[in-house]
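Undergrad: Before I ask anything, here is the structure I am working with.
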Amino acid sequence: MKKQLIIFTDLDGTLLDASTYSFEQAAEALALVSECHIPLIICSSKTRTEIEHYRVMLKNNHPFISENGGGIFIPKGNINLKEYADKTHVEEIDDYHAILLGASYKELRRVIEALRIKGFNVKGFGDMTVDEVSQVTGLSLEEAAMARQREFDEPFLFQGAEDGLKALFKSIHELKFNFTQGTFFHLLGDSDKGKAVSVLIDLYTEQFKDIYTIAIGDSPNDLPMLRNVDIPVIVKKKNGTYDQAITLPNLIRADGVGPEGWNKAITQIIKNIL
Ligand SMILES: [Mg+2]
């Protein structure tokens with residue numbers, strides 16, 4: 001029996017250009033993915049609202065993972081959740097079945113406050129106006145407003161020296177929270193992209209029996225996702241280099257920055273497999 005291919009993808013700096021947030025350079029591979037009916041699962045630090053915005057532009061109706069693994073949103077009727085619902089708490093949110101793995105945003109904001117009281121110069125999206133989020137991200141005002149609608153993860157800026165950053169990470173762990181790094185630093189609970197991806201891998205395995213998984217990213221926050229798949233792929237960063245923090249034995253380094261690398265690697269892998 002032929003294996004069902006499943007692709008998990010990061011957005012910022014991977015499928016989307018790091019400066020323009022465009023996926024135009026990946027158009028050819030995206031067309032191939034859709035032609036071959038391969039589920040393309042967005043797995044991003046972006047919010048549900050932002051991802052929904054991109055799903056419309058990408059004509060993507062597959063499940064997705066928001067805020068660095070905080071939430072898994074499965075369009076109703078997309079995957080059979082019957083058996084799974086006995087094991088895990090599945091919520092109904094709007095038109096989705098949702099599996100929520102992340103800490104609540106309220107809690108994360110309390111941690112940001114606690115870190116500030118400890119003397120760390122941290123500024124989260126929740127401390128910024130829509131204008132400020134637009135300035136630091138390069139997003140339009142409309143998209144910056146979507147980026148502020150957070151549920152499970154707080155992106156933040158930190159000002160201070162290298163050892164200050166180490167002390168900050170130590171304090172976050174002492175408060176029993178976690179951090180990760182994409183374009184920004186992120187504060188999160190006990191969730192990451194890898195845990196969320198493994199839930200969907202379980203569900204797809206139940207559905208298709210034999211699956212073959214690809215994940216593609218660019219930053220340390222993608223590492224847990226890359227570790228959970230058959231073919232991990234990274235693209236080059238804006239400066240033309242690969243993230244040094246990502247090393248895996250079977251890692252494929254795509255020949256291109258962001259969506260250009262995405263286009264080349266995904267096209268080649270699909271053609272090799274099919
Ligand atoms: Mg990224």
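Chain identifiers are assigned as A, B, and so on, following the order in which chains appear in the structure tokens; residues are numbered from 1 within each chain, and ligands are numbered from 1 in order of appearance.
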Counting only C-alpha atoms and all ligand atoms, which protein, DNA or RNA residues come within 10 Å of ligand 1, given as a list in words?
TA: Thr9, Asp10, Leu11, Asp12, Gly13, Thr14, Leu15, Leu16, Asp17, Ala18, Cys43, Ser44, Ser45, Lys46, Gln181, Gly182, Thr183, Phe184, Ile216, Gly217, Asp218, Ser219, Pro220, Asn221, Asp222, Ile234, Val235, Lys237 and Gly258 of chain A
Undergrad: Save out the residues we just selected, C-alpha atoms, as a short mmCIF file (atom, residue, chain, number, x, y, z; two decimals), in the first residue's frame.
TA:
```
data_model
loop_
_atom_site.label_atom_id
_atom_site.label_comp_id
_atom_site.auth_asym_id
_atom_site.auth_seq_id
_atom_site.Cartn_x
_atom_site.Cartn_y
_atom_site.Cartn_z
CA THR A 9 5.35 23.65 7.73
CA ASP A 10 6.48 26.68 9.68
CA LEU A 11 5.34 30.05 8.26
CA ASP A 12 7.60 32.98 9.24
CA GLY A 13 10.94 32.80 7.41
CA THR A 14 10.06 29.36 5.97
CA LEU A 15 6.97 29.30 3.72
CA LEU A 16 6.67 33.07 4.13
CA ASP A 17 9.47 35.46 3.23
CA ALA A 18 11.02 36.90 6.43
CA CYS A 43 2.60 24.77 12.37
CA SER A 44 3.50 28.31 13.35
CA SER A 45 4.06 30.70 16.24
CA LYS A 46 1.35 32.81 14.64
CA GLN A 181 13.09 31.25 19.74
CA GLY A 182 11.73 32.01 16.31
CA THR A 183 11.91 35.53 14.91
CA PHE A 184 11.25 36.64 18.52
CA ILE A 216 10.14 22.19 7.20
CA GLY A 217 11.30 25.14 9.32
CA ASP A 218 14.09 27.64 9.91
CA SER A 219 14.54 28.35 13.65
CA PRO A 220 15.09 26.69 17.05
CA ASN A 221 11.33 26.71 17.76
CA ASP A 222 11.00 24.27 14.83
CA ILE A 234 15.43 23.54 7.05
CA VAL A 235 15.63 26.54 4.76
CA LYS A 237 17.65 32.41 6.93
CA GLY A 258 12.71 30.92 3.04
#
```
Undergrad: Find the residues near A:Thr137: any atom within 10 Å, counting only C-alpha atoms, skip ones fewer than 2 places away on the same chain, and give them as a PyMOL selection string.
TA: chain A and resi 18-19+132-135+139-140+143-144+147+183-184
Undergrad: Create the file for the chosen residues now, containing C-alpha atoms and written as a compact mmCIF listing (two decimals), in the first residue's frame.
TA:
```txt
# COMPACT_ATOMS: atom_id res chain seq x y z
CA ALA A 18 11.02 36.90 6.43
CA SER A 19 10.50 40.52 5.33
CA GLU A 132 4.30 48.95 17.90
CA VAL A 133 3.69 45.30 16.93
CA SER A 134 3.50 46.44 13.31
CA GLN A 135 6.82 48.29 13.70
CA LEU A 139 3.33 43.37 9.53
CA SER A 140 0.54 45.59 8.24
CA GLU A 143 -2.10 41.71 10.50
CA ALA A 144 -0.45 43.18 13.60
CA ALA A 147 -0.88 38.88 15.84
CA THR A 183 11.91 35.53 14.91
CA PHE A 184 11.25 36.64 18.52
```
Undergrad: With distances taken over only C-alpha atoms, which of A:Ala85, A:Phe169, A:Phe23, A:Asn80 is nearest to A:Arg55?
TA: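 The closest residue to A:Arg55 is A:Phe23.
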Undergrad: Looking only at helix (DSSP H, G or I) from DSSP on the backbone, list the matching residues of stretch 58-158 of chain A as a ChimeraX atom specification.
TA: /A:58,67-69,82-87,105-117,125-127,130-137,141-147
Undergrad: Write out as a tab-separated table a residue-level contact list of stretch 82-171 of chain A versus stretch 64-73 of chain A with cut-off 8 Å: for each qualifying residue the closest pair of atoms and the distance in Å to one decimal, counting only C-alpha atoms, rows sorted by chain and residue number upward.
TA:
```
residue	atom	partner	partner_atom	distance
A:Tyr96	CA	A:Phe73	CA	5.8
A:His97	CA	A:Phe73	CA	6.0
A:Ala98	CA	A:Phe73	CA	4.6
A:Ile99	CA	A:Ile72	CA	5.1
A:Leu100	CA	A:Gly71	CA	4.6
A:Leu101	CA	A:Gly70	CA	5.0
A:Gly102	CA	A:Gly70	CA	3.9
A:Ala103	CA	A:Gly70	CA	7.3
A:Arg150	CA	A:Glu67	CA	7.8
A:Glu151	CA	A:Glu67	CA	7.6
A:Phe152	CA	A:Gly70	CA	5.2
A:Asp153	CA	A:Glu67	CA	5.6
```
Undergrad: Could you dump the residues just selected with all heavy atoms as a tab-separated table (two decimals), in the first residue's frame?
TA:
```tsv
chain	number	residue	atom	x	y	z
A	96	TYR	N	-14.28	24.08	14.51
A	96	TYR	CA	-13.16	23.16	14.73
A	96	TYR	C	-13.40	22.21	15.88
A	96	TYR	O	-14.11	22.53	16.84
A	96	TYR	CB	-11.89	23.94	15.09
A	96	TYR	CG	-11.47	24.98	14.11
A	96	TYR	CD1	-11.64	26.32	14.42
A	96	TYR	CD2	-10.87	24.64	12.90
A	96	TYR	CE1	-11.23	27.31	13.54
A	96	TYR	CE2	-10.47	25.62	12.02
A	96	TYR	CZ	-10.65	26.96	12.34
A	96	TYR	OH	-10.25	27.93	11.46
A	97	HIS	N	-12.70	21.07	15.82
A	97	HIS	CA	-12.40	20.28	17.00
A	97	HIS	C	-11.02	20.74	17.42
A	97	HIS	O	-10.10	20.75	16.60
A	97	HIS	CB	-12.39	18.79	16.68
A	97	HIS	CG	-13.75	18.24	16.40
A	97	HIS	ND1	-14.75	18.21	17.36
A	97	HIS	CD2	-14.30	17.72	15.28
A	97	HIS	CE1	-15.84	17.69	16.85
A	97	HIS	NE2	-15.61	17.40	15.58
A	98	ALA	N	-10.87	21.14	18.66
A	98	ALA	CA	-9.59	21.72	19.08
A	98	ALA	C	-9.00	20.93	20.24
A	98	ALA	O	-9.70	20.50	21.14
A	98	ALA	CB	-9.80	23.17	19.50
A	99	ILE	N	-7.70	20.72	20.15
A	99	ILE	CA	-6.96	20.09	21.24
A	99	ILE	C	-6.00	21.16	21.74
A	99	ILE	O	-5.13	21.62	21.00
A	99	ILE	CB	-6.20	18.83	20.76
A	99	ILE	CG1	-7.21	17.80	20.21
A	99	ILE	CG2	-5.38	18.21	21.90
A	99	ILE	CD1	-6.58	16.65	19.43
A	100	LEU	N	-6.20	21.59	22.98
A	100	LEU	CA	-5.45	22.72	23.50
A	100	LEU	C	-4.34	22.23	24.43
A	100	LEU	O	-4.61	21.60	25.45
A	100	LEU	CB	-6.40	23.69	24.24
A	100	LEU	CG	-7.64	24.11	23.42
A	100	LEU	CD1	-8.48	25.10	24.21
A	100	LEU	CD2	-7.26	24.69	22.06
A	101	LEU	N	-3.11	22.51	24.06
A	101	LEU	CA	-1.95	22.03	24.82
A	101	LEU	C	-1.24	23.16	25.56
A	101	LEU	O	-0.42	22.91	26.44
A	101	LEU	CB	-0.94	21.34	23.88
A	101	LEU	CG	-1.47	20.23	22.96
A	101	LEU	CD1	-0.38	19.76	22.01
A	101	LEU	CD2	-1.97	19.05	23.79
A	102	GLY	N	-1.53	24.38	25.22
A	102	GLY	CA	-0.76	25.51	25.74
A	102	GLY	C	-1.29	26.06	27.05
A	102	GLY	O	-2.41	25.79	27.46
A	103	ALA	N	-0.44	26.88	27.70
A	103	ALA	CA	-0.86	27.62	28.90
A	103	ALA	C	-1.79	28.74	28.46
A	103	ALA	O	-1.79	29.12	27.29
A	103	ALA	CB	0.37	28.21	29.58
A	150	ARG	N	-3.66	36.77	21.07
A	150	ARG	CA	-2.92	35.58	21.47
A	150	ARG	C	-3.70	34.72	22.46
A	150	ARG	O	-4.49	35.23	23.26
A	150	ARG	CB	-1.55	35.99	22.04
A	150	ARG	CG	-0.79	36.93	21.10
A	150	ARG	CD	0.69	36.82	21.23
A	150	ARG	NE	1.22	35.56	20.78
A	150	ARG	CZ	1.53	35.27	19.51
A	150	ARG	NH1	1.35	36.15	18.55
A	150	ARG	NH2	2.03	34.09	19.21
A	151	GLU	N	-3.45	33.40	22.39
A	151	GLU	CA	-4.14	32.46	23.27
A	151	GLU	C	-3.18	31.64	24.13
A	151	GLU	O	-3.50	31.29	25.25
A	151	GLU	CB	-4.99	31.50	22.42
A	151	GLU	CG	-6.10	32.19	21.64
A	151	GLU	CD	-6.83	31.27	20.69
A	151	GLU	OE1	-6.21	30.80	19.70
A	151	GLU	OE2	-8.03	31.01	20.92
A	152	PHE	N	-1.99	31.27	23.58
A	152	PHE	CA	-1.13	30.30	24.27
A	152	PHE	C	0.35	30.63	24.29
A	152	PHE	O	1.16	29.78	24.71
A	152	PHE	CB	-1.23	28.92	23.59
A	152	PHE	CG	-2.60	28.52	23.17
A	152	PHE	CD1	-2.98	28.58	21.85
A	152	PHE	CD2	-3.51	28.08	24.11
A	152	PHE	CE1	-4.25	28.20	21.46
A	152	PHE	CE2	-4.78	27.70	23.73
A	152	PHE	CZ	-5.15	27.76	22.40
A	153	ASP	N	0.77	31.75	23.78
A	153	ASP	CA	2.21	32.01	23.60
A	153	ASP	C	2.41	33.52	23.55
A	153	ASP	O	1.63	34.21	22.90
A	153	ASP	CB	2.64	31.33	22.28
A	153	ASP	CG	3.96	31.83	21.71
A	153	ASP	OD1	4.11	33.03	21.40
A	153	ASP	OD2	4.86	30.98	21.54
```
Undergrad: With only C-alpha atoms as the basis for distance, which of A:Leu203, A:Asn272, A:Glu154, A:Glu142 is at the shortest distance from A:Thr49?
TA: A:Glu142
Undergrad: Mind pulling up the distance from atom CA of A:Gln207 to atom CA of A:Lys195?
TA: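 Between atom CA of A:Lys195 and atom CA of A:Gln207 the gap works out to 18.9 Å.
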Undergrad: Could you please determine the separation between atom CA of A:Phe208 and atom CA of A:Ile270 in Å, to one decimal place?
TA: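 Straight-line distance from atom CA of A:Phe208 to atom CA of A:Ile270 works out to 18.0 Å.
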Undergrad: Excluding A:Phe179 and any residue of its chain fewer than 2 positions from it, enumerate the residues within 12 Å of it, using only C-alpha atoms, and give them as a ChimeraX atom specification.
TA: /A:68,108,111-112,153-156,165-166,168-177,181-182,184-192,220-221
Undergrad: Could you pull the residues within 12 Å of A:Met57, counting only C-alpha atoms, minus those fewer than 2 positions along the same chain, as a list in words?
TA: Ser22, Phe23, Glu24, Ala27, Leu30, Glu50, Ile51, Glu52, His53, Tyr54, Arg55, Lys59, Asn60 and Asn61 of chain A
Undergrad: Deliver the residues from the most recent selection as a file, using N, CA, C and O atoms, as a PDB file, in the first residue's frame.
TA:
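New file part37.pdb:
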```
ATOM      1  N   SER A  22       5.503  36.980   2.043  1.00  0.00           N
ATOM      2  CA  SER A  22       4.908  36.451   0.811  1.00  0.00           C
ATOM      3  C   SER A  22       5.327  34.989   0.608  1.00  0.00           C
ATOM      4  O   SER A  22       6.446  34.609   0.934  1.00  0.00           O
ATOM      5  N   PHE A  23       4.401  34.180   0.031  1.00  0.00           N
ATOM      6  CA  PHE A  23       4.741  32.772  -0.264  1.00  0.00           C
ATOM      7  C   PHE A  23       4.853  32.541  -1.774  1.00  0.00           C
ATOM      8  O   PHE A  23       4.892  31.403  -2.236  1.00  0.00           O
ATOM      9  N   GLU A  24       4.926  33.639  -2.509  1.00  0.00           N
ATOM     10  CA  GLU A  24       4.921  33.582  -3.964  1.00  0.00           C
ATOM     11  C   GLU A  24       6.019  32.682  -4.532  1.00  0.00           C
ATOM     12  O   GLU A  24       5.791  31.931  -5.484  1.00  0.00           O
ATOM     13  N   ALA A  27       5.204  28.983  -4.991  1.00  0.00           N
ATOM     14  CA  ALA A  27       3.957  28.696  -5.718  1.00  0.00           C
ATOM     15  C   ALA A  27       3.966  27.340  -6.438  1.00  0.00           C
ATOM     16  O   ALA A  27       2.979  26.600  -6.393  1.00  0.00           O
ATOM     17  N   LEU A  30       3.714  24.506  -3.946  1.00  0.00           N
ATOM     18  CA  LEU A  30       2.382  24.531  -3.329  1.00  0.00           C
ATOM     19  C   LEU A  30       1.341  23.920  -4.268  1.00  0.00           C
ATOM     20  O   LEU A  30       0.452  23.181  -3.836  1.00  0.00           O
ATOM     21  N   GLU A  50      -4.311  34.795  12.608  1.00  0.00           N
ATOM     22  CA  GLU A  50      -3.340  35.018  11.529  1.00  0.00           C
ATOM     23  C   GLU A  50      -3.280  33.810  10.590  1.00  0.00           C
ATOM     24  O   GLU A  50      -3.219  33.953   9.373  1.00  0.00           O
ATOM     25  N   ILE A  51      -3.264  32.613  11.181  1.00  0.00           N
ATOM     26  CA  ILE A  51      -3.157  31.401  10.355  1.00  0.00           C
ATOM     27  C   ILE A  51      -4.406  31.248   9.485  1.00  0.00           C
ATOM     28  O   ILE A  51      -4.317  30.895   8.305  1.00  0.00           O
ATOM     29  N   GLU A  52      -5.562  31.568  10.066  1.00  0.00           N
ATOM     30  CA  GLU A  52      -6.810  31.489   9.278  1.00  0.00           C
ATOM     31  C   GLU A  52      -6.719  32.416   8.064  1.00  0.00           C
ATOM     32  O   GLU A  52      -7.135  32.070   6.957  1.00  0.00           O
ATOM     33  N   HIS A  53      -6.136  33.576   8.270  1.00  0.00           N
ATOM     34  CA  HIS A  53      -5.936  34.562   7.202  1.00  0.00           C
ATOM     35  C   HIS A  53      -5.064  33.957   6.073  1.00  0.00           C
ATOM     36  O   HIS A  53      -5.388  34.069   4.891  1.00  0.00           O
ATOM     37  N   TYR A  54      -3.983  33.279   6.453  1.00  0.00           N
ATOM     38  CA  TYR A  54      -3.111  32.667   5.441  1.00  0.00           C
ATOM     39  C   TYR A  54      -3.734  31.419   4.814  1.00  0.00           C
ATOM     40  O   TYR A  54      -3.502  31.129   3.644  1.00  0.00           O
ATOM     41  N   ARG A  55      -4.531  30.687   5.591  1.00  0.00           N
ATOM     42  CA  ARG A  55      -5.181  29.494   5.032  1.00  0.00           C
ATOM     43  C   ARG A  55      -6.117  29.889   3.900  1.00  0.00           C
ATOM     44  O   ARG A  55      -6.255  29.170   2.911  1.00  0.00           O
ATOM     45  N   LYS A  59      -5.683  28.680   0.132  1.00  0.00           N
ATOM     46  CA  LYS A  59      -6.785  27.747  -0.140  1.00  0.00           C
ATOM     47  C   LYS A  59      -6.536  26.427   0.582  1.00  0.00           C
ATOM     48  O   LYS A  59      -6.654  25.332   0.029  1.00  0.00           O
ATOM     49  N   ASN A  60      -6.179  26.526   1.855  1.00  0.00           N
ATOM     50  CA  ASN A  60      -5.815  25.360   2.662  1.00  0.00           C
ATOM     51  C   ASN A  60      -6.945  25.065   3.653  1.00  0.00           C
ATOM     52  O   ASN A  60      -7.376  25.951   4.403  1.00  0.00           O
ATOM     53  N   ASN A  61      -7.452  23.817   3.625  1.00  0.00           N
ATOM     54  CA  ASN A  61      -8.544  23.435   4.531  1.00  0.00           C
ATOM     55  C   ASN A  61      -8.116  22.366   5.529  1.00  0.00           C
ATOM     56  O   ASN A  61      -8.949  21.701   6.120  1.00  0.00           O
TER      57      ASN A  61
END
```
Undergrad: Between atom CA of A:Val90 and atom CA of A:Val229, what is the spacing in Å?
TA: 23.5 Å
Undergrad: Could you check which of A:Glu83, A:Thr47, A:Ala31, A:Met146 is closest to A:Glu206, using only C-alpha atoms?
TA: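 Going through A:Glu83, A:Thr47, A:Ala31, A:Met146 one by one, the smallest distance to A:Glu206 is for A:Glu83.
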Undergrad: Restricting the calculation to only C-alpha atoms: of A:Val122, A:Val136, A:Ile38, A:Lys87, which residue gets closest to A:Gln159?
TA: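 Once distances to A:Gln159 are computed over only C-alpha atoms, the minimum belongs to A:Val122.
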